[in-house]
Amino acid sequence: MTARWIHQFGRLALLLALVASLSVAASACDDDEGEQLRIGVLGDFSGPLAEFGPLTLSAVELAIKHINEAGGVNGQDVVFVTGDTRVDPTQAVEEARRLIDVEGVHAIAGPLASSSTLAVIESVAREAGIPVVSPSATSPALSTANDNGYLFRSTISDAAQGVVLAQLATDEGLSNVGVLFRDDAYGQGLSEVFGGAFGGSVTAVAYNPDGQASYLAELQRAAGGGAEVLVAIAFPEEAEVFLREAIENDIFTRFLFVDGTKSQDLVDAIGGGFLDGSKGTAPGSGPASAATEAWNAAYIDEYGALPTLPFVRETYDAVIAIALAAAAAESTDGEAIRDQLTRIGTPGGTTVIPGPDGIRAALEALDDGDDINYEGAATTLDWDEVGDVTSGFIEIWEYRDGGIASIRDVPFSIE
């Protein structure tokens with residue numbers, strides 16, 4: 001063998017050795033990394049809750065950014081895939097199937113509406129073994145859903161909001177009210193709790209949630225008992241129509257609102273001159289705490305100002321909770337994530353809070369095998385056996401100067 005061939009053979013041997021070493025390294029890296037966590041986000045980017053879509057998506061993007069900056073889950077970045085439910089249970093089920101069967105998501109944050117959430121958990125997610133964490137499905141009916149333990153909420157039930165709304169009506173000096181509510185799980189639940197807690201007279205009238213050109217007949221029935229004010233349990237697109245009709249026909253000129261009618265688009269459409277001074281309720285985040293201040297700072301740093309609509313903080317918490325549960329489980333298996341969700345918010349572990357530093361501390365603690373207690377941006381996630389948060393705050397707010405202003409937060413427990 002000539003010196004030239006010896007030299008070439010040596011180079012080939014060196015190259016083969018390098019390839020072999022790279023293959024071993026890649027294999028070791030694969031051993032260290034688990035399956036990439038994929039989170040489905042069922043939101044509303046069209047339809048009656050379209051105003052909420054961009055803001056809730058901003059919370060998802062912020063949560064994913066914080067998780068991935070902290071190192072991700074299973075050694076990989078977390079990714080998310082969106083679906084649009086349009087506040088339509090049938091559409092929500094179809095989108096959930098697509099996210100699970102086609103996109104391969106391991107858990108779902110959303111949907112926003114209670115009716116859509118019930119449809120998704122009972123028709124798709126339960127059987128697929130996919131956890132669902134809704135940031136805004138507030139109907140008390142979700143507490144008794146047939147979900148095999150796969151349904152959680154990062155917001156408090158309307159078992160709380162209805163009681164606080166009744167007290168607000170009393171504090172406003174009202175003794176006779178009309179209620180116009182969506183004939184779905186959300187509207188029925190909130191209307192029933194309000195009616196049961198209010199000490200005065202209530203004339204409650206349902207309307208078709210599939211959309212109506214006019215609500216005059218329903219408004220007249222709600223006013224028929226001499227009601228002093230209309231309680232609007234609706235979504236912005238629908239409320240714009242019936243509020244305008246109520247005012248133009250002098251049926252109602254005073255209103256009480258709820259989370260679904262806390263809307264800048266609504267006051268812009270109707271006008272501050274008609275709505276200014278009207279108060280309402282919505283899930284709140286309570287007085288300043290380390291958790292809320294950290295989230296506020298992170299959100300302002302990213303987007304410049306805090307959101308005025310509800311359920312943005314709750315959306316962030318839903319995504320973070322899924323990621324932390326997957327990290328605690330060291331798995332993307334739906335059942336494993338479900339079983340860890342209650343653990344990551346249980347008091348007794350290392351307390352961790354929102355924001356990039358807080359999420360990094362949470363993931364590091366889990367990596368060390370420690371228990372954590374995630375204090376959410378909106379509320380503590382001390383879930384009970386049916387996936388409900390048991391305590392939190394209901395905000396009293398009002399339309400003021402053509403905008404939305406917070407008045408106070410009322411603490412509430414449903415234990």
# chains A, B, ... in the order shown; residues from 1 in each chain; ligands from 1
>>> residues_around(residues="Leu266 of chain A", least_positions_apart="5", cutoff="9 Å", atoms="only C-alpha atoms", output="MDAnalysis selection string")
chainID A and resid 236:237 239:240 261 271
>>> residues_around(residues="segment 180-188 of chain A", least_positions_apart="3", cutoff="9 Å", atoms="only C-alpha atoms", output="VMD selection string")
chain A and resid 113 to 115 118 137 to 142 158 191 to 193 203 to 209 218 to 219 222 230 to 235
>>> write_last_selection(atoms="C-alpha atoms", output="PDB file, in the first residue's frame")
ATOM      1  CA  ALA A 113     -67.953  29.520  26.041  1.00  0.00           C
ATOM      2  CA  SER A 114     -69.526  27.108  28.522  1.00  0.00           C
ATOM      3  CA  SER A 115     -71.737  25.433  25.903  1.00  0.00           C
ATOM      4  CA  LEU A 118     -69.342  21.012  27.605  1.00  0.00           C
ATOM      5  CA  ALA A 137     -66.387  28.640  30.897  1.00  0.00           C
ATOM      6  CA  THR A 138     -68.154  29.825  34.032  1.00  0.00           C
ATOM      7  CA  SER A 139     -71.440  27.864  34.010  1.00  0.00           C
ATOM      8  CA  PRO A 140     -72.121  25.898  37.209  1.00  0.00           C
ATOM      9  CA  ALA A 141     -73.186  23.029  34.909  1.00  0.00           C
ATOM     10  CA  LEU A 142     -69.511  22.264  34.246  1.00  0.00           C
ATOM     11  CA  ASP A 158     -70.785  31.597  38.161  1.00  0.00           C
ATOM     12  CA  SER A 191     -79.417  33.786  35.462  1.00  0.00           C
ATOM     13  CA  GLU A 192     -80.480  31.015  37.843  1.00  0.00           C
ATOM     14  CA  VAL A 193     -77.817  31.798  40.432  1.00  0.00           C
ATOM     15  CA  THR A 203     -88.487  38.605  35.421  1.00  0.00           C
ATOM     16  CA  ALA A 204     -86.037  36.421  33.510  1.00  0.00           C
ATOM     17  CA  VAL A 205     -86.449  35.911  29.766  1.00  0.00           C
ATOM     18  CA  ALA A 206     -84.323  33.658  27.546  1.00  0.00           C
ATOM     19  CA  TYR A 207     -83.385  34.398  23.950  1.00  0.00           C
ATOM     20  CA  ASN A 208     -82.117  32.190  21.138  1.00  0.00           C
ATOM     21  CA  PRO A 209     -78.288  32.091  21.198  1.00  0.00           C
ATOM     22  CA  GLU A 218     -88.176  39.438  24.827  1.00  0.00           C
ATOM     23  CA  LEU A 219     -87.433  42.965  26.063  1.00  0.00           C
ATOM     24  CA  ALA A 222     -88.626  41.308  30.711  1.00  0.00           C
ATOM     25  CA  LEU A 230     -82.235  45.205  32.637  1.00  0.00           C
ATOM     26  CA  VAL A 231     -79.568  42.664  33.579  1.00  0.00           C
ATOM     27  CA  ALA A 232     -77.837  41.801  30.295  1.00  0.00           C
ATOM     28  CA  ILE A 233     -76.453  38.244  30.382  1.00  0.00           C
ATOM     29  CA  ALA A 234     -75.260  38.050  26.812  1.00  0.00           C
ATOM     30  CA  PHE A 235     -72.331  38.368  24.433  1.00  0.00           C
TER      31      PHE A 235
END
>>> select_by_dssp(residues="segment 105-187 of chain A", states="strand (DSSP E or B)", output="number ranges by chain")
A: 107-109, 132-134, 151-153, 176-182
>>> write_last_selection(atoms="N, CA, C and O atoms", output="compact mmCIF listing (two decimals), in the first residue's frame")
# COMPACT_ATOMS: atom_id res chain seq x y z
N ALA A 107 -53.15 18.41 25.02
CA ALA A 107 -54.07 19.04 25.96
C ALA A 107 -54.66 20.26 25.25
O ALA A 107 -54.11 20.73 24.25
N ILE A 108 -55.78 20.76 25.80
CA ILE A 108 -56.47 21.89 25.18
C ILE A 108 -56.68 22.99 26.21
O ILE A 108 -57.16 22.73 27.32
N ALA A 109 -56.32 24.22 25.85
CA ALA A 109 -56.67 25.41 26.61
C ALA A 109 -57.87 26.03 25.91
O ALA A 109 -57.80 26.40 24.75
N VAL A 132 -58.69 19.25 29.29
CA VAL A 132 -59.20 20.52 28.81
C VAL A 132 -59.20 21.50 29.99
O VAL A 132 -59.77 21.21 31.04
N VAL A 133 -58.55 22.65 29.81
CA VAL A 133 -58.54 23.69 30.84
C VAL A 133 -59.16 24.94 30.23
O VAL A 133 -58.54 25.61 29.40
N SER A 134 -60.40 25.23 30.62
CA SER A 134 -61.06 26.42 30.08
C SER A 134 -60.76 27.63 30.95
O SER A 134 -60.87 27.57 32.17
N LEU A 151 -61.67 17.68 32.81
CA LEU A 151 -62.06 19.08 32.66
C LEU A 151 -61.65 19.90 33.87
O LEU A 151 -61.95 19.54 35.02
N PHE A 152 -60.96 21.01 33.60
CA PHE A 152 -60.53 21.95 34.62
C PHE A 152 -60.91 23.37 34.18
O PHE A 152 -61.11 23.62 32.99
N ARG A 153 -60.99 24.27 35.16
CA ARG A 153 -61.22 25.69 34.84
C ARG A 153 -60.21 26.55 35.59
O ARG A 153 -59.92 26.30 36.76
N ASN A 176 -86.64 45.41 41.71
CA ASN A 176 -87.38 44.75 40.64
C ASN A 176 -86.57 44.86 39.35
O ASN A 176 -86.33 45.96 38.86
N VAL A 177 -86.13 43.71 38.84
CA VAL A 177 -85.25 43.74 37.66
C VAL A 177 -85.76 42.78 36.60
O VAL A 177 -86.43 41.78 36.88
N GLY A 178 -85.44 43.11 35.35
CA GLY A 178 -85.62 42.19 34.25
C GLY A 178 -84.28 41.59 33.87
O GLY A 178 -83.24 42.25 34.02
N VAL A 179 -84.28 40.35 33.42
CA VAL A 179 -83.06 39.68 32.99
C VAL A 179 -83.27 39.16 31.58
O VAL A 179 -84.27 38.47 31.31
N LEU A 180 -82.36 39.48 30.68
CA LEU A 180 -82.37 38.90 29.33
C LEU A 180 -81.11 38.06 29.22
O LEU A 180 -80.00 38.58 29.36
N PHE A 181 -81.29 36.75 28.99
CA PHE A 181 -80.13 35.87 29.03
C PHE A 181 -80.11 34.91 27.84
O PHE A 181 -81.15 34.51 27.31
N ARG A 182 -78.87 34.55 27.45
CA ARG A 182 -78.67 33.53 26.40
C ARG A 182 -79.25 32.21 26.88
O ARG A 182 -79.00 31.78 28.00
>>> closest_residue(among="A:Gln76, A:Ser123, A:Thr342, A:Ser175", to="Arg97 of chain A", atoms="only C-alpha atoms")
A:Ser123
>>> closest_residue(among="A:Leu324, A:Val87, A:Val389, A:Ile396", to="Tyr374 of chain A", atoms="only C-alpha atoms")
A:Leu324
>>> closest_residue(among="A:Ser157, A:Thr332, A:Thr350, A:Thr56", to="Ala318 of chain A", atoms="only C-alpha atoms")
A:Thr56
>>> decode(residues="segment 343-381 of chain A", atoms="C-alpha atoms", output="compact mmCIF listing (two decimals), in the first residue's frame")
# COMPACT_ATOMS: atom_id res chain seq x y z
CA ARG A 343 -50.64 18.75 42.06
CA ILE A 344 -48.98 21.79 40.48
CA GLY A 345 -51.40 24.19 42.21
CA THR A 346 -51.71 22.46 45.56
CA PRO A 347 -50.43 24.36 48.61
CA GLY A 348 -47.40 22.85 50.29
CA GLY A 349 -44.86 22.82 47.50
CA THR A 350 -42.45 25.55 46.42
CA THR A 351 -44.53 28.63 45.61
CA VAL A 352 -43.96 29.85 42.06
CA ILE A 353 -45.54 32.76 40.20
CA PRO A 354 -46.11 33.97 36.63
CA GLY A 355 -43.52 35.76 34.55
CA PRO A 356 -40.31 34.51 32.96
CA ASP A 357 -38.41 34.23 36.25
CA GLY A 358 -41.28 32.51 38.01
CA ILE A 359 -41.80 29.93 35.28
CA ARG A 360 -38.06 29.23 35.13
CA ALA A 361 -38.08 28.64 38.89
CA ALA A 362 -41.08 26.33 38.53
CA LEU A 363 -39.47 24.20 35.83
CA GLU A 364 -36.19 24.02 37.74
CA ALA A 365 -38.00 22.89 40.90
CA LEU A 366 -39.85 20.20 38.98
CA ASP A 367 -36.61 19.08 37.33
CA ASP A 368 -35.16 18.68 40.83
CA GLY A 369 -38.13 16.52 41.80
CA ASP A 370 -39.72 19.12 44.08
CA ASP A 371 -43.45 19.80 44.40
CA ILE A 372 -44.63 23.25 43.34
CA ASN A 373 -47.59 25.50 44.12
CA TYR A 374 -48.31 27.70 41.09
CA GLU A 375 -50.03 30.93 42.17
CA GLY A 376 -51.82 32.07 39.02
CA ALA A 377 -52.01 35.47 37.39
CA ALA A 378 -55.78 35.49 37.97
CA THR A 379 -56.27 33.30 41.03
CA THR A 380 -54.82 30.34 42.90
CA LEU A 381 -55.29 27.05 41.09
